Structures are given as structure tokens and as C-alpha cells.
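The structure appears below as C-alpha cells.
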Number of protein chains: 2
Amino acid sequence: MSWQAIGIFDSGVGGLTVLREIFKVLPQEDTIYFGDTARVPYGTKSPGTVARYAHEITSFLIKRNIKLLVVACNTASAVALNGLKRQFPIPVVGVIEPGARRAVEVSRCGRIGVIGTAGTIKSSAYSRAIKRLNPDAEVLTRACPLFVPLAEEGWTDNQVARLTAQIYLQELRDAGVDTLVLGCTHYPLLKPIIAETMGPDVTLVDSAEETARTVAEILAKKKLLRPLSEKGNHHYYVSDIPAGFIRVGNRFLGERLEDVYQVSVDDEGEEC
Amino acid sequence: MSWQAIGIFDSGVGGLTVLREIFKVLPQEDTIYFGDTARVPYGTKSPGTVARYAHEITSFLIKRNIKLLVVACNTASAVALNGLKRQFPIPVVGVIEPGARRAVEVSRCGRIGVIGTAGTIKSSAYSRAIKRLNPDAEVLTRACPLFVPLAEEGWTDNQVARLTAQIYLQELRDAGVDTLVLGCTHYPLLKPIIAETMGPDVTLVDSAEETARTVAEILAKKKLLRPLSEKGNHHYYVSDIPAGFIRVGNRFLGERLEDVYQVSVDDEGEEC
């Protein structure tokens with residue numbers, strides 16, 4: 001019999017850190033990844049535009065018969081998740097809710113830090129999700145715009161990355177947060193340096209890990225998991241020339257990207 | 001009588017460094033700037049797509065009755081300049097040719113370095129332009145992807161910027177280039193640190209300065225200059241919400257941005 005795949009999309013390569021965690025937790029599952037590299041970044045675009053892109057991509061993936069959709073993009077999770085849940089008949093998982101839930105679970109003092117792109121921080125999506133779960137939580141946020149280009153450049157363990165982390169994180173460290181949410185799919189690559197900067201008393205919450213865990217829980221509950229004896233196949237679609245995606249993506253995924261195809265999705269979700 | 005303005009466009013804020021130089025050389029001229037902030041960056045997009053965007057924006061500016069167009073974007077200069085020159089009946093000036101010409105003029109030994117975004121370096125547009133002017137020139141190039149986010153973050157004079165410049169420029173310095181072209185409109189903001197890193201024996205060529213000089217020459221030759229007794233008015237159009245453009249742009253322009261309007265340009269160059 002033919003098994004359905006897990007669909008996952010992001011504006012670019014960032015979502016591959018979520019895919020990597022899905023590989024770890026669910027090695028038996030087929031996956032289809034869509035990176036909207038022609039229209040990256042989403043963070044600077046209006047909510048209506050991002051919601052439209054998310055709808056187009058989801059239509060594309062649904063036609064490829066996916067059983068669950070992961071919105072592995074903080075901006076799209078913040079503005080498009082509810083719309084996608086209403087419009088499509090499969091489970092839809094974003095990256096914000098799982099990270100927020102985990103942060104509330106592990107924080108001892110309720111003072112939680114959140115870092116992300118300027119767009120994600122400005123949207124207050126994490127703050128709102130955390131406050132919904134624990135109205136007494138104190139949420140401190142900081143945009144870290146240089147972390148994305150550092151991760152894409154592969155500068156994750158040099159003095160530039162270390163100094164940048166110190167500048168961005170000083171205030172949160174001084175404020176005494178005991179939990180820090182990595183609210184951007186690029187940040188897991190900088191986890192060692194962020195951990196070193198924040199010190200051993202601060203728990204890092206990796207939205208990618210938590211999202212993968214949530215996917216596994218939902219598929220188990222719905223009895224949609226493949227047997228563990230299977231081995232998943234993985235396909236990748238991008239909306240612009242694949243060269244840059246493959247080069248940077250190998251580092252994000254931690255293994256070689258294969259089967260990468262370029263497609264266009266237009267307003268009606270038709271590929272052309 | 002009503003005077004015609006100079007039109008200028010870029011994918012985002014970077015072109016404001018060119019505009020700033022135009023203000024210095026031609027304070028009497030009216031200007032209209034278009035920043036395509038909804039579709040930035042151009043560097044990762046296919047040449048056909050960038051050429052289409054350039055055509056749409058030029059149509060928009062031509063309707064506002066400009067007398068000369070400056071393509072203040074390296075990617076668009078590389079892929080769209082000749083097409084625009086053919087399609088539109090006004091002088092069109094890019095940023096690559098002026099920088100290349102100046103580098104050939106000032107280089108003593110003919111060993112010229114060029115830095116830019118990954119897209120600009122990969123396009124070899126500067127290398128080709130320099131070789132056309134001096135086939136014996138030796139051109140060494142280096143992509144510096146972190147310089148753009150550093151400039152946008154305003155980190156132009158801290159230890160992170162200094163270390164980053166050292167890593168990117170070491171090879172060019174060791175190779176003994178005597179001239180270095182700043183082949184990206186963001187880089188003038190980092191000029192002091194780049195100069196410090198390269199040392200006093202290397203001449204920096206600022207494409208923004210050279211482009212402004214070329215604009216003045218062409219307008220003088222065509223007798224299209226306004227009298228020096230006039231004072232120019234300046235208008236700005238962007239394709240996405242103006243907040244970020246204004247915040248970062250103030251720093252790029254070196255003065256307060258006013259009269260910023262959001263517009264859309266569709267495939268036919270009609271605003272809507």
C-alpha cells in the first residue's frame with residue numbers, strides 16, 4: 001500500500017531544522033518539504049500576503065496527498081495557521097504553540113525569554129501564546145536580526161557569532177529569565193553559542209524539537225503512523241533555482257539534500 | 001515652470017546611499033526614489049524576474065515624468081540595464097559601470113578587488129566591466145553576505161563589524177590589491193571599517209559616489225540641469241509598509257526621510 005507523507009513548508013531553508021527533528025522522531029515517515037525561496041523573506045511582508053502564500057503552498061502539498069501539514073515558519077504560523085486549519089481537512093501544526101507550551105512547562109520562575117526575527121518579535125505571537133497558557137508568566141523578548149545571516153553563512157562557532165550573541169542576549173540574561181525560547185527556525189544552528197552565553201541555569205526551548213514531538217503525538221493519536229520497520233523517503237520543492245537552497249540546506253539538515261525540484265505555485269495553488 | 005525629477009530605484013533601502021551622493025552633487029534637483037521593499041531581495045531571484053520588476057518600476061517612474069533613471073541596485077544593473085536602455089527614451093545609469101571605470105582609473109598595479117553580495121559576485125558583472133576597460137586588469141572578488149545585515153542593524157563601528165571585515169577581507173589584502181570596489185549599495189556605511197581593515201595603501205572605490213558623478217555629467221551634457229539657485233524636493237515610494245524603510249533609511253540617507261508613500265506596481269507598471 002502507499003503511505004501518505006508529512007507535508008512541511010517554510011519561506012526558505014529555516015524549516016529544515018524542523019524537518020531534521022522530524023527525521024529523528026519519525027524516521028519511518030515520508031516527507032515533502034516546500035521552501036518558498038523565490039519569495040523569502042516572509043517577515044517583512046504584510047499578513048494578507050503571507051496568508052495567501054501559505055494557502056497556495058498548502059494547496060500544492062495537499063495535491064501530493066499529505067496526511068498532516070507542518071507550518072515550519074514563524075511568520076506564517078503567526079498569521080496563517082487558523083485560516084489553514086479552517087480551509088484544509090488535515091491536521092495543521094505550527095511552530096509557535098509547541099515552543100510556547102514547552103516553555104511554560106519547564107520555566108520554574110515564570111520569567112521567559114523569547115528571541116526571534118524582528119517580524120516574529122513584533123507580532124507578539126509567542127508572548128500571546130505563553131500568556132494564554134500561563135497568564136502570570138513574564139515574557140521578555142529580543143529581536144536578533146543577525147542570527148539568520150550568521151546561520152546561513154555557517155558562522156555558528158566563531159568569535160563573530162559569540163560577540164553577536166553576547167550583545168543580543170545580555171539584557172535577557174541580566175533580567176534573570178530561566179527559560180529562553182529559540183523562536184526562529186534558524187536558531188537551532190546557534191544553540192551551542194546561545195547556551196554558552198546564557199549559562200547553565202537557563203533552559204533553552206527549541207521550537208523545532210517541540211514541533212516534531214507534537215507531530216508524532218498527533219499522528220499516533222490519529223493512528224496515522226507508519227510502522228517503525230519502514231524507512232521514509234524525502235522530497236524537496238523550492239520556488240527558485242535550487243543551488244543556494246541545497247548548499248545552505250545541507251548544513252541545516254545535517255545531511256545531504258537530494259531530490260530537490262523547482263516549481264512555481266500561482267495564486268490558485270496550481271503549479272506551472 | 002515645472003522641472004523634471006531624477007528617478008532612482010533599488011530593491012530596498014540600499015539605493016539611498018546613492019541618493020545621498022546625488023544630494024551632495026546635485027542639491028538643486030528633485031528626486032523620486034522607489035524601494036521595492038515587498039519583493040526585496042533581488043539577488044536570489046532569477047534574471048528574468050528581476051528584469052520584469054525593473055521594467056514595472058521604470059514604467060511607474062516614467063509616468064511621474066523623470067528625466068533620467070538611476071538603477072541603484074547591483075543585481076538589477078547587472079541583468080536589466082541594457083533592456084531598460086532599449087525600452088525607455090531617457091538616459092539610464094547603473095551602479096556597476098561607474099564603479100568599474102573609476103577602479104580602472106585609480107589602480108596603479110591593475111590588481112583590483114571587488115566585494116559585494118553573493119549574487120553580485122556570482123554574476124561577475126564587475127569583473128566583466130573592469131576587463132572591458134582594461135583587459136590586463138586582475139580582478140579578485142569576495143562575497144560578504146553579512147555586510148548587508150550589519151549595515152541594516154546599524155552595527156557599523158563595533159567589534160562584530162570589525163572582526164567580520166577582517167575575515168572577509170584578509171584574502172584580498174594578502175593578495176595585494178591596491179584598489180577595492182564597494183560593489184553593494186549598503187557598503188558605504190561600512191567604509192570606515194573597510195578602510196581601516198585594508199590599510200592606507202588601498203584606494204576604496206565607492207560606486208554610489210561614482211554613480212552620482214556620472215548622473216551630473218550626463219545631465220550637464222544634455223543641458224538638463226536645474227539652476228543651482230533651486231532647492232530639490234524629494235519623494236519616496238515603497239511597495240510594502242513604510243515603517244521599516246523609514247527607520248533603516250534615515251541612517252542610510254543621513255537625514256530624515258519624509259514623504260514616503262506605499263504603492264503597488266503590477267505587471268503592466270500600473271500602480272493600484
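The chains in the C-alpha cells are called A, B, ... from first to last as shown; in each chain the residues are counted from 1, and the ligands are counted from 1 in the order shown.
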Find the residues near range 198-210 of chain A: any atom within 8 Å, counting only C-alpha atoms, skip ones fewer than 4 places away on the same chain, and give them as a ChimeraX atom specification.
-> /A:17-19,21-22,95-96,98-99,102-103,106-107,169,173,177-185,188,194,214
With only C-alpha atoms counted and 12 Å as the cut-off, give the residues of chain A in contact with chain B, each with its shortest interatomic distance in Å and the pair that gives it, as a Markdown table.
```
| residue | atom | partner | partner_atom | distance |
| --- | --- | --- | --- | --- |
| A:Gly12 | CA | B:Thr44 | CA | 11.3 |
| A:Asp36 | CA | B:Lys45 | CA | 11.5 |
| A:Thr37 | CA | B:Thr44 | CA | 8.0 |
| A:Ala38 | CA | B:Lys45 | CA | 6.1 |
| A:Arg39 | CA | B:Arg39 | CA | 7.2 |
| A:Val40 | CA | B:Pro41 | CA | 8.1 |
| A:Pro41 | CA | B:Val40 | CA | 8.1 |
| A:Tyr42 | CA | B:Ala38 | CA | 9.4 |
| A:Gly43 | CA | B:Ala38 | CA | 10.4 |
| A:Thr44 | CA | B:Ala38 | CA | 7.3 |
| A:Lys45 | CA | B:Ala38 | CA | 6.1 |
| A:Ser46 | CA | B:Asp240 | CA | 7.4 |
| A:Pro47 | CA | B:Ile241 | CA | 11.0 |
| A:Gly48 | CA | B:Asp240 | CA | 11.7 |
| A:Thr49 | CA | B:Ala38 | CA | 9.6 |
| A:Val50 | CA | B:Ala38 | CA | 11.1 |
| A:Ala118 | CA | B:Gly244 | CA | 10.0 |
| A:Gly119 | CA | B:Gly244 | CA | 10.3 |
| A:Lys122 | CA | B:Gly244 | CA | 11.6 |
| A:Ala143 | CA | B:Glu153 | CA | 10.8 |
| A:Cys144 | CA | B:Glu153 | CA | 9.5 |
| A:Pro145 | CA | B:Glu153 | CA | 7.3 |
| A:Leu146 | CA | B:Pro149 | CA | 6.3 |
| A:Phe147 | CA | B:Pro149 | CA | 9.7 |
| A:Val148 | CA | B:Pro149 | CA | 9.4 |
| A:Pro149 | CA | B:Leu146 | CA | 6.3 |
| A:Leu150 | CA | B:Leu146 | CA | 7.2 |
| A:Ala151 | CA | B:Leu146 | CA | 10.4 |
| A:Glu152 | CA | B:Pro145 | CA | 9.1 |
| A:Glu153 | CA | B:Pro145 | CA | 7.3 |
| A:Gly154 | CA | B:Leu146 | CA | 11.0 |
| A:Trp155 | CA | B:Leu146 | CA | 10.0 |
| A:Asn158 | CA | B:Leu163 | CA | 10.1 |
| A:Gln159 | CA | B:Leu163 | CA | 7.8 |
| A:Val160 | CA | B:Val160 | CA | 5.5 |
| A:Ala161 | CA | B:Val160 | CA | 8.2 |
| A:Arg162 | CA | B:Val160 | CA | 9.2 |
| A:Leu163 | CA | B:Val160 | CA | 6.4 |
| A:Thr164 | CA | B:Val160 | CA | 6.6 |
| A:Ala165 | CA | B:Val160 | CA | 10.3 |
| A:Gln166 | CA | B:Val160 | CA | 10.5 |
| A:Ile167 | CA | B:Val160 | CA | 9.5 |
| A:Tyr168 | CA | B:Glu153 | CA | 11.6 |
| A:Ser239 | CA | B:Lys45 | CA | 9.8 |
| A:Asp240 | CA | B:Lys45 | CA | 6.8 |
| A:Ile241 | CA | B:Ser46 | CA | 7.5 |
| A:Pro242 | CA | B:Thr44 | CA | 10.4 |
| A:Ala243 | CA | B:Thr44 | CA | 10.3 |
| A:Gly244 | CA | B:Thr44 | CA | 8.4 |
| A:Phe245 | CA | B:Thr44 | CA | 10.2 |
```
Which parts of range 65-245 of chain B does DSSP call strand (DSSP E) when run on the backbone here, written out as a VMD selection string?
-> chain B and resid 66 to 71 92 to 94 111 to 116 138 to 143 179 to 182 203 to 206 234 to 238
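Secondary structure of range 168-203 of chain B, helix (DSSP H, G or I) only (DSSP, backbone atoms): Tyr168, Leu169, Gln170, Glu171, Leu172, Arg173, Asp174, Tyr187, Pro188, Leu189, Leu190, Lys191, Pro192, Ile193, Ile194, Ala195, Glu196, Thr197 and Met198 of chain B.
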Residue selection dump (N, CA and C atoms) as a PDB file, in the first residue's frame:
```
ATOM      1  N   TYR B 168      36.422  38.610   6.073  1.00  0.00           N
ATOM      2  CA  TYR B 168      36.081  38.710   4.653  1.00  0.00           C
ATOM      3  C   TYR B 168      37.228  39.275   3.807  1.00  0.00           C
ATOM      4  N   LEU B 169      37.999  40.223   4.368  1.00  0.00           N
ATOM      5  CA  LEU B 169      38.920  40.990   3.521  1.00  0.00           C
ATOM      6  C   LEU B 169      40.366  40.487   3.566  1.00  0.00           C
ATOM      7  N   GLN B 170      40.653  39.592   4.513  1.00  0.00           N
ATOM      8  CA  GLN B 170      42.029  39.114   4.697  1.00  0.00           C
ATOM      9  C   GLN B 170      42.681  38.661   3.382  1.00  0.00           C
ATOM     10  N   GLU B 171      41.942  37.822   2.631  1.00  0.00           N
ATOM     11  CA  GLU B 171      42.495  37.240   1.410  1.00  0.00           C
ATOM     12  C   GLU B 171      42.836  38.314   0.374  1.00  0.00           C
ATOM     13  N   LEU B 172      41.943  39.304   0.226  1.00  0.00           N
ATOM     14  CA  LEU B 172      42.173  40.374  -0.752  1.00  0.00           C
ATOM     15  C   LEU B 172      43.371  41.217  -0.328  1.00  0.00           C
ATOM     16  N   ARG B 173      43.474  41.450   0.964  1.00  0.00           N
ATOM     17  CA  ARG B 173      44.599  42.237   1.483  1.00  0.00           C
ATOM     18  C   ARG B 173      45.911  41.489   1.240  1.00  0.00           C
ATOM     19  N   ASP B 174      45.896  40.190   1.576  1.00  0.00           N
ATOM     20  CA  ASP B 174      47.100  39.376   1.385  1.00  0.00           C
ATOM     21  C   ASP B 174      47.490  39.285  -0.091  1.00  0.00           C
ATOM     22  N   TYR B 187      27.323  49.033   1.328  1.00  0.00           N
ATOM     23  CA  TYR B 187      28.672  49.036   1.896  1.00  0.00           C
ATOM     24  C   TYR B 187      29.232  50.408   2.262  1.00  0.00           C
ATOM     25  N   PRO B 188      28.776  51.511   1.630  1.00  0.00           N
ATOM     26  CA  PRO B 188      29.316  52.803   2.065  1.00  0.00           C
ATOM     27  C   PRO B 188      29.165  53.036   3.580  1.00  0.00           C
ATOM     28  N   LEU B 189      28.156  52.439   4.208  1.00  0.00           N
ATOM     29  CA  LEU B 189      28.004  52.610   5.656  1.00  0.00           C
ATOM     30  C   LEU B 189      29.150  51.961   6.429  1.00  0.00           C
ATOM     31  N   LEU B 190      29.787  50.969   5.808  1.00  0.00           N
ATOM     32  CA  LEU B 190      30.889  50.269   6.477  1.00  0.00           C
ATOM     33  C   LEU B 190      32.250  50.761   5.991  1.00  0.00           C
ATOM     34  N   LYS B 191      32.256  51.859   5.226  1.00  0.00           N
ATOM     35  CA  LYS B 191      33.508  52.319   4.604  1.00  0.00           C
ATOM     36  C   LYS B 191      34.620  52.563   5.624  1.00  0.00           C
ATOM     37  N   PRO B 192      34.348  53.225   6.751  1.00  0.00           N
ATOM     38  CA  PRO B 192      35.446  53.454   7.701  1.00  0.00           C
ATOM     39  C   PRO B 192      36.108  52.153   8.169  1.00  0.00           C
ATOM     40  N   ILE B 193      35.293  51.135   8.459  1.00  0.00           N
ATOM     41  CA  ILE B 193      35.863  49.870   8.946  1.00  0.00           C
ATOM     42  C   ILE B 193      36.570  49.113   7.823  1.00  0.00           C
ATOM     43  N   ILE B 194      36.033  49.196   6.614  1.00  0.00           N
ATOM     44  CA  ILE B 194      36.684  48.537   5.476  1.00  0.00           C
ATOM     45  C   ILE B 194      38.027  49.217   5.191  1.00  0.00           C
ATOM     46  N   ALA B 195      38.054  50.551   5.261  1.00  0.00           N
ATOM     47  CA  ALA B 195      39.299  51.299   5.039  1.00  0.00           C
ATOM     48  C   ALA B 195      40.345  50.930   6.089  1.00  0.00           C
ATOM     49  N   GLU B 196      39.922  50.882   7.329  1.00  0.00           N
ATOM     50  CA  GLU B 196      40.809  50.535   8.446  1.00  0.00           C
ATOM     51  C   GLU B 196      41.394  49.127   8.236  1.00  0.00           C
ATOM     52  N   THR B 197      40.552  48.202   7.767  1.00  0.00           N
ATOM     53  CA  THR B 197      40.981  46.811   7.590  1.00  0.00           C
ATOM     54  C   THR B 197      41.939  46.674   6.409  1.00  0.00           C
ATOM     55  N   MET B 198      41.676  47.385   5.322  1.00  0.00           N
ATOM     56  CA  MET B 198      42.510  47.252   4.126  1.00  0.00           C
ATOM     57  C   MET B 198      43.818  48.031   4.254  1.00  0.00           C
TER      58      MET B 198
END
```
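Going from CA of Trp3 in chain B over to CA of Ile90 in chain B, you cover 15.0 Å.
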For Asp10 in chain A, the nearest of the candidates A:Arg108, A:Arg142, A:Arg128, A:His186, counting only C-alpha atoms =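 The answer is A:His186, which sits nearest to Asp10 in chain A.
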What is the CA of Val104 in chain A to CA of Glu29 in chain A distance in Å?
-> 29.3 Å
Find the spatial neighbours of Leu257 in chain A, counting only C-alpha atoms, within a cut-off of 10 Å - ignore same-chain residues fewer than 3 positions away - and output them as a PyMOL selection string.
-> chain A and resi 234-236+245-254+260
Hey, what's within 8 Å of Glu97 in chain A if we count only C-alpha atoms and toss same-chain stuff fewer than 3 positions away? As a PyMOL selection string, please?
-> chain A and resi 94+100-101+126+129
For the selection you just gave me, I'd like the residues written to a file as a tab-separated table (two decimals), in the first residue's frame, keeping C-alpha atoms.
```
chain	number	residue	atom	x	y	z
A	94	GLY	CA	2.67	25.48	13.62
A	100	ALA	CA	5.27	28.22	23.99
A	101	ARG	CA	3.77	25.16	25.68
A	126	TYR	CA	4.96	33.91	21.32
A	129	ALA	CA	0.69	32.02	23.23
```
